[in-house]
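Asker: Take a look at model18.csv, CSV, C-alpha atoms:
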```
chain,number,residue,atom,x,y,z
A,27,MET,CA,-32.5,60.0,56.7
A,28,ALA,CA,-29.7,61.3,54.5
A,29,LEU,CA,-27.1,58.9,53.2
A,30,PRO,CA,-23.9,58.9,55.3
A,31,PRO,CA,-20.5,59.1,53.5
A,32,THR,CA,-19.5,55.7,54.9
A,33,ILE,CA,-21.3,52.7,56.4
A,34,ARG,CA,-19.9,50.2,58.9
A,35,VAL,CA,-20.2,46.9,57.1
A,36,LYS,CA,-19.6,43.3,58.2
A,37,LEU,CA,-18.2,41.2,55.3
A,38,SER,CA,-18.2,37.4,55.3
A,39,SER,CA,-17.8,34.7,52.7
A,40,GLU,CA,-20.7,32.9,51.0
A,41,ALA,CA,-18.5,30.4,49.2
A,42,ALA,CA,-20.2,27.1,48.8
A,43,GLU,CA,-18.2,24.6,50.8
A,44,SER,CA,-18.8,22.0,53.4
A,45,ILE,CA,-18.7,23.1,57.0
A,46,SER,CA,-16.2,25.9,57.3
A,47,LEU,CA,-15.6,28.8,59.5
A,48,THR,CA,-14.8,32.1,57.7
A,49,PRO,CA,-13.7,35.2,59.4
A,50,VAL,CA,-16.0,38.2,59.5
A,51,VAL,CA,-14.3,41.5,58.6
A,52,VAL,CA,-15.7,44.8,59.8
A,53,GLN,CA,-15.0,47.7,57.4
A,54,GLU,CA,-16.0,51.3,56.8
A,55,LEU,CA,-17.3,51.2,53.3
A,56,PRO,CA,-18.1,54.3,51.2
A,57,VAL,CA,-21.9,54.3,50.6
A,58,ARG,CA,-21.3,54.7,46.8
A,59,GLU,CA,-19.3,51.4,46.8
A,60,LEU,CA,-22.0,49.6,48.7
A,61,ILE,CA,-24.6,50.9,46.3
A,62,SER,CA,-22.4,49.8,43.4
A,63,HIS,CA,-22.7,46.2,44.7
A,64,MET,CA,-26.5,46.6,44.9
A,65,LEU,CA,-26.7,47.7,41.2
A,66,GLY,CA,-25.7,44.3,40.1
A,67,VAL,CA,-28.8,42.9,41.9
A,68,ALA,CA,-31.3,45.7,41.6
A,69,GLY,CA,-30.2,47.9,38.7
A,70,LYS,CA,-31.0,51.6,39.0
A,71,ASP,CA,-34.3,50.8,40.8
A,72,GLU,CA,-34.6,53.5,43.6
A,73,ALA,CA,-37.2,51.6,45.5
A,74,ARG,CA,-35.2,48.4,45.5
A,75,ILE,CA,-32.0,50.2,46.6
A,76,ARG,CA,-33.9,51.8,49.4
A,77,GLU,CA,-35.4,48.5,50.5
A,78,LEU,CA,-31.9,46.9,50.5
A,79,LEU,CA,-30.5,49.7,52.6
A,80,LEU,CA,-33.3,49.3,55.1
A,81,ARG,CA,-32.9,45.5,55.1
A,82,GLY,CA,-29.2,45.8,55.9
A,83,THR,CA,-28.0,42.7,54.1
A,84,LEU,CA,-26.8,41.9,50.5
A,85,VAL,CA,-25.1,39.0,48.9
A,86,SER,CA,-22.9,40.0,45.9
A,87,GLY,CA,-20.8,37.2,44.3
A,88,ALA,CA,-19.2,35.2,47.1
A,89,THR,CA,-19.5,38.0,49.7
A,90,ARG,CA,-22.3,38.8,52.2
A,91,PHE,CA,-22.5,42.4,53.3
A,92,ARG,CA,-24.4,43.2,56.6
A,93,TRP,CA,-25.0,46.6,58.2
A,94,VAL,CA,-27.5,48.3,60.5
A,95,GLY,CA,-30.4,49.1,58.1
A,96,TRP,CA,-32.0,52.5,58.0
A,97,GLU,CA,-34.8,54.4,56.1
A,98,ALA,CA,-32.7,56.1,53.4
A,99,ASP,CA,-33.6,59.4,51.8
A,100,LEU,CA,-34.8,59.0,48.2
A,101,GLU,CA,-33.1,62.2,47.1
A,102,GLY,CA,-29.8,61.0,48.4
A,103,ILE,CA,-30.3,57.7,46.5
A,104,ARG,CA,-31.2,59.5,43.3
A,105,ALA,CA,-28.1,61.7,43.6
A,106,ILE,CA,-25.7,58.7,44.0
A,107,LEU,CA,-27.5,56.7,41.2
A,108,ALA,CA,-27.0,59.7,38.9
A,109,THR,CA,-23.2,59.2,39.2
A,110,PHE,CA,-23.4,55.7,37.7
A,111,PRO,CA,-23.6,55.1,33.9
A,112,ASP,CA,-26.9,54.4,32.1
A,113,PRO,CA,-27.4,52.0,29.2
A,114,ASP,CA,-26.7,53.8,25.8
A,115,PRO,CA,-28.0,51.9,22.7
A,116,ALA,CA,-26.4,54.5,20.5
A,117,ARG,CA,-22.9,53.6,21.8
A,118,PRO,CA,-20.9,52.0,19.1
A,119,PHE,CA,-18.9,48.8,19.7
A,120,ALA,CA,-15.3,49.6,20.5
A,121,ALA,CA,-13.0,46.5,20.0
A,122,GLU,CA,-10.1,48.2,21.7
A,123,ARG,CA,-12.0,48.5,25.0
A,124,CYS,CA,-13.5,45.0,24.8
A,125,ILE,CA,-12.4,43.2,28.0
A,126,ARG,CA,-14.2,39.8,27.7
A,127,ALA,CA,-16.1,37.6,25.3
A,128,THR,CA,-18.5,34.7,26.0
A,129,LEU,CA,-19.2,32.2,23.2
A,130,ARG,CA,-22.7,30.8,23.6
A,131,GLY,CA,-25.0,28.3,21.9
A,132,GLY,CA,-23.8,24.9,23.0
A,133,ARG,CA,-24.2,23.0,26.1
A,134,GLN,CA,-21.9,25.4,28.0
A,135,ALA,CA,-20.8,29.0,27.6
A,136,ILE,CA,-17.1,29.6,26.9
A,137,GLU,CA,-15.7,32.5,28.9
A,138,ILE,CA,-12.8,34.2,27.1
A,139,PRO,CA,-11.0,37.0,29.1
A,140,ARG,CA,-9.0,39.3,26.9
A,141,ALA,CA,-5.8,38.7,28.8
A,142,ALA,CA,-6.0,34.9,28.1
A,143,ALA,CA,-6.8,35.2,24.4
A,144,ALA,CA,-4.5,38.1,23.6
A,145,ARG,CA,-1.2,36.4,24.7
A,146,LYS,CA,1.2,35.8,21.8
A,147,GLY,CA,3.3,32.7,21.4
A,148,LEU,CA,6.8,32.8,20.1
A,149,PHE,CA,6.8,33.7,16.3
A,150,GLN,CA,3.0,34.2,16.5
A,151,ARG,CA,1.8,37.2,14.4
A,152,LYS,CA,-1.8,37.2,15.4
A,153,THR,CA,-3.6,36.2,18.6
A,154,PHE,CA,-6.9,34.5,19.0
A,155,TRP,CA,-8.3,37.8,20.4
A,156,ASP,CA,-7.2,39.7,17.3
A,157,LEU,CA,-9.1,37.1,15.1
A,158,LEU,CA,-12.2,37.2,17.4
A,159,MET,CA,-12.4,41.0,17.1
A,160,GLU,CA,-11.9,40.8,13.4
A,161,VAL,CA,-14.7,38.2,13.1
A,162,VAL,CA,-17.2,40.1,15.3
A,163,GLY,CA,-16.2,43.5,13.9
A,164,ALA,CA,-18.8,46.2,14.1
A,165,ASP,CA,-21.1,44.5,11.5
A,166,ARG,CA,-24.4,43.0,12.7
A,167,ILE,CA,-23.5,43.6,16.4
A,168,ALA,CA,-26.3,44.6,18.6
A,169,TYR,CA,-26.3,46.6,21.9
A,170,ALA,CA,-27.7,44.5,24.7
A,171,GLY,CA,-27.5,46.9,27.7
A,172,TYR,CA,-25.2,47.9,30.5
A,173,SER,CA,-24.1,45.5,33.2
A,174,TYR,CA,-23.6,47.1,36.5
A,175,ARG,CA,-22.1,43.8,37.8
A,176,GLU,CA,-19.4,43.9,35.1
A,177,SER,CA,-19.2,47.7,34.8
A,178,ALA,CA,-19.4,47.3,31.1
A,179,ASP,CA,-21.7,47.6,28.1
A,180,ARG,CA,-22.9,44.3,26.6
A,181,TYR,CA,-23.1,43.6,22.9
A,182,LEU,CA,-24.4,40.5,21.1
A,183,ARG,CA,-23.3,39.2,17.7
A,184,GLU,CA,-24.8,36.1,16.0
A,185,LEU,CA,-22.1,34.1,14.3
A,186,THR,CA,-22.5,32.4,10.9
A,187,ILE,CA,-21.4,28.7,10.6
A,188,PRO,CA,-18.3,29.7,8.6
A,189,GLU,CA,-17.4,32.3,11.3
A,190,ALA,CA,-17.7,29.8,14.1
A,191,ALA,CA,-15.7,27.3,12.1
A,192,ARG,CA,-13.0,29.9,11.6
A,193,LEU,CA,-12.8,30.6,15.3
A,194,ARG,CA,-12.6,26.8,16.0
A,195,GLU,CA,-9.8,26.4,13.5
A,196,ALA,CA,-7.9,29.2,15.2
A,197,SER,CA,-8.3,27.7,18.7
A,198,GLY,CA,-4.6,26.7,18.7
A,199,LEU,CA,-3.6,30.3,19.0
A,200,VAL,CA,-4.9,30.3,22.6
A,201,GLN,CA,-2.0,29.6,25.0
A,202,TYR,CA,-4.2,27.8,27.6
A,203,SER,CA,-5.0,24.2,26.6
A,204,THR,CA,-8.3,24.0,28.5
A,205,LEU,CA,-9.7,27.1,26.9
A,206,SER,CA,-8.3,26.1,23.5
A,207,GLU,CA,-10.0,22.7,23.8
A,208,GLN,CA,-13.3,24.3,24.7
A,209,ILE,CA,-13.3,26.6,21.7
A,210,ARG,CA,-12.4,23.6,19.4
A,211,SER,CA,-15.0,21.2,20.8
A,212,VAL,CA,-18.0,23.1,22.2
A,213,GLY,CA,-20.6,24.4,19.8
A,214,PHE,CA,-21.4,28.1,19.7
A,215,LEU,CA,-23.5,30.4,17.6
A,216,GLN,CA,-23.3,33.7,19.4
A,217,ALA,CA,-20.7,36.0,20.9
A,218,GLU,CA,-21.5,38.1,23.9
A,219,LEU,CA,-19.0,41.0,24.3
A,220,TRP,CA,-18.2,43.2,27.3
A,221,VAL,CA,-16.9,46.6,26.6
A,222,SER,CA,-15.6,49.0,29.4
A,223,ARG,CA,-16.3,52.7,29.2
```
What would you get if you wrote out this structure as structure tokens?
Answerer:
Amino acid sequence: MALPPTIRVKLSSEAAESISLTPVVVQELPVRELISHMLGVAGKDEARIRELLLRGTLVSGATRFRWVGWEADLEGIRAILATFPDPDPARPFAAERCIRATLRGGRQAIEIPRAAAARKGLFQRKTFWDLLMEVVGADRIAYAGYSYRESADRYLRELTIPEAARLREASGLVQYSTLSEQIRSVGFLQAELWVSR
């Protein structure tokens, strides 16, 4: 069966809480949008996408999607999947489009959204984000694939001990005290960078 332009979907919360009643919302969702949620789980695997459409249920993040499943046409699935980006290892790192960084290597990962690290304080010339982009630069950075869940290319950069120390010392540039304290106290050896296209 060909893919319809929209699908009637029931949306409910999958948030982990004690006993709670959450409303179920019924919505007409464009089929491309539903498939974009599936890509975070299945990637561009046509057989898995077809299986999910037939099953009629998907959990993405804190949301459960349910619909009446059907046997989808493989050609229609291929046509929609062709509209989504593919991984591109030749794609150079672009600091100006970097939206998030994750510092890894210690007991916990440190999530650093650009908006949080790029805020300038009064009389501050440089932000922590500026320094982070300067440290990771384009040198020794490796392409690590495309994340459909994040809609961004992933890059990895191993940090030297002096580079990590430089970032720790600059943690005071971060306006949020919890994030600043994490950068100062948690060990990290690698930066994972997310770049939108």
Asker: Check the smallest atom-to-atom distance from each of A:Ser197, A:Ser173, A:Ser211, A:Thr83 to A:Leu158 using all atoms listed in the file, then report the winner.
Answerer: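 So, comparing all the options, the nearest one is A:Ser197.
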Asker: Rounded to one decimal, what separation in Å do you get between atom CA of A:Val52 and atom CA of A:Arg34?
Answerer: 6.9 Å
Asker: So, with only C-alpha atoms as the atoms that count, which of A:Ala168, A:Ile125, A:Asp71, A:Gly95 lies closest to A:Pro139?
Answerer: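 Ranking A:Ala168, A:Ile125, A:Asp71, A:Gly95 by distance to A:Pro139, first place goes to A:Ile125.
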Asker: So what do you get for atom CA of A:Pro30 versus atom CA of A:Pro56, distance-wise?
Answerer: 8.5 Å
Asker: Let me make sure I understand: among A:Arg180, A:Arg194, A:Arg130, A:Arg151, which one has the smallest atom-to-atom distance to A:Asp114 if we use only C-alpha atoms?
Answerer: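 Of A:Arg180, A:Arg194, A:Arg130, A:Arg151, the one nearest A:Asp114, counting only C-alpha atoms, is A:Arg180.
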Asker: Need to verify the contact set: stretch 183-189 of chain A, 7 Å, all atoms listed in the file, exclusion of same-chain residues closer than 3 positions in sequence. Can you return it as a list of chain:residue names?
Answerer: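 My reading of the contact set: A:Val161, A:Val162, A:Arg166, A:Ile167, A:Ala168, A:Arg192, A:Leu193, A:Leu215, A:Gln216, A:Ala217, A:Glu218.
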Asker: Find the distance between atom CA of A:Pro31 and atom CA of A:Val50 and write it in Å to one decimal.
Answerer: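 Distance reported for this atom pair: 22.2 Å.
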Asker: Write out as a list in words the residues lying within 7 Å of A:Gly82, counting all atoms listed in the file and excluding same-chain residues fewer than 4 positions away.
Answerer: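 Answer for this query is Leu78, Arg92, Trp93, Val94 and Gly95 of chain A.
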Asker: Pick the closest to A:Leu79 from A:His63, A:Arg210, A:Arg117, A:Arg140: which is it, counting all atoms listed in the file?
Answerer: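 For A:Leu79, the nearest of the given residues is A:His63.
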Asker: A:Ile103, A:Tyr181, A:Val57, A:Ser39: which is nearest A:Cys124, counting all atoms listed in the file?
Answerer: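 Among the listed residues, A:Tyr181 lies closest to A:Cys124.
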Asker: I'd like to know which of A:Thr153, A:Ser86, A:Ser38, A:Ser177 is closest to A:Val221, using all atoms listed in the file.
Answerer: A:Ser177
Asker: Using all atoms listed in the file - which residues lie no farther than 9 Å from the point (-23.5, 26.3, 23.2) in the file's frame? Write them as JSON, numbers by chain.
Answerer: {"A": [129, 130, 131, 132, 133, 134, 135, 136, 212, 213, 214, 215, 216]}
Asker: Find the spatial neighbours of A:Leu60, counting all atoms listed in the file, within a cut-off of 10 Å - ignore same-chain residues fewer than 4 positions away - and output them as a PDB file with C-alpha atoms, in the coordinates of the input.
Answerer:
```
ATOM      1  CA  THR A  32     -19.500  55.700  54.900  1.00  0.00           C
ATOM      2  CA  ILE A  33     -21.300  52.700  56.400  1.00  0.00           C
ATOM      3  CA  VAL A  35     -20.200  46.900  57.100  1.00  0.00           C
ATOM      4  CA  LEU A  55     -17.300  51.200  53.300  1.00  0.00           C
ATOM      5  CA  PRO A  56     -18.100  54.300  51.200  1.00  0.00           C
ATOM      6  CA  MET A  64     -26.500  46.600  44.900  1.00  0.00           C
ATOM      7  CA  LEU A  65     -26.700  47.700  41.200  1.00  0.00           C
ATOM      8  CA  LEU A  79     -30.500  49.700  52.600  1.00  0.00           C
ATOM      9  CA  LEU A  84     -26.800  41.900  50.500  1.00  0.00           C
ATOM     10  CA  PHE A  91     -22.500  42.400  53.300  1.00  0.00           C
TER      11      PHE A  91
END
```
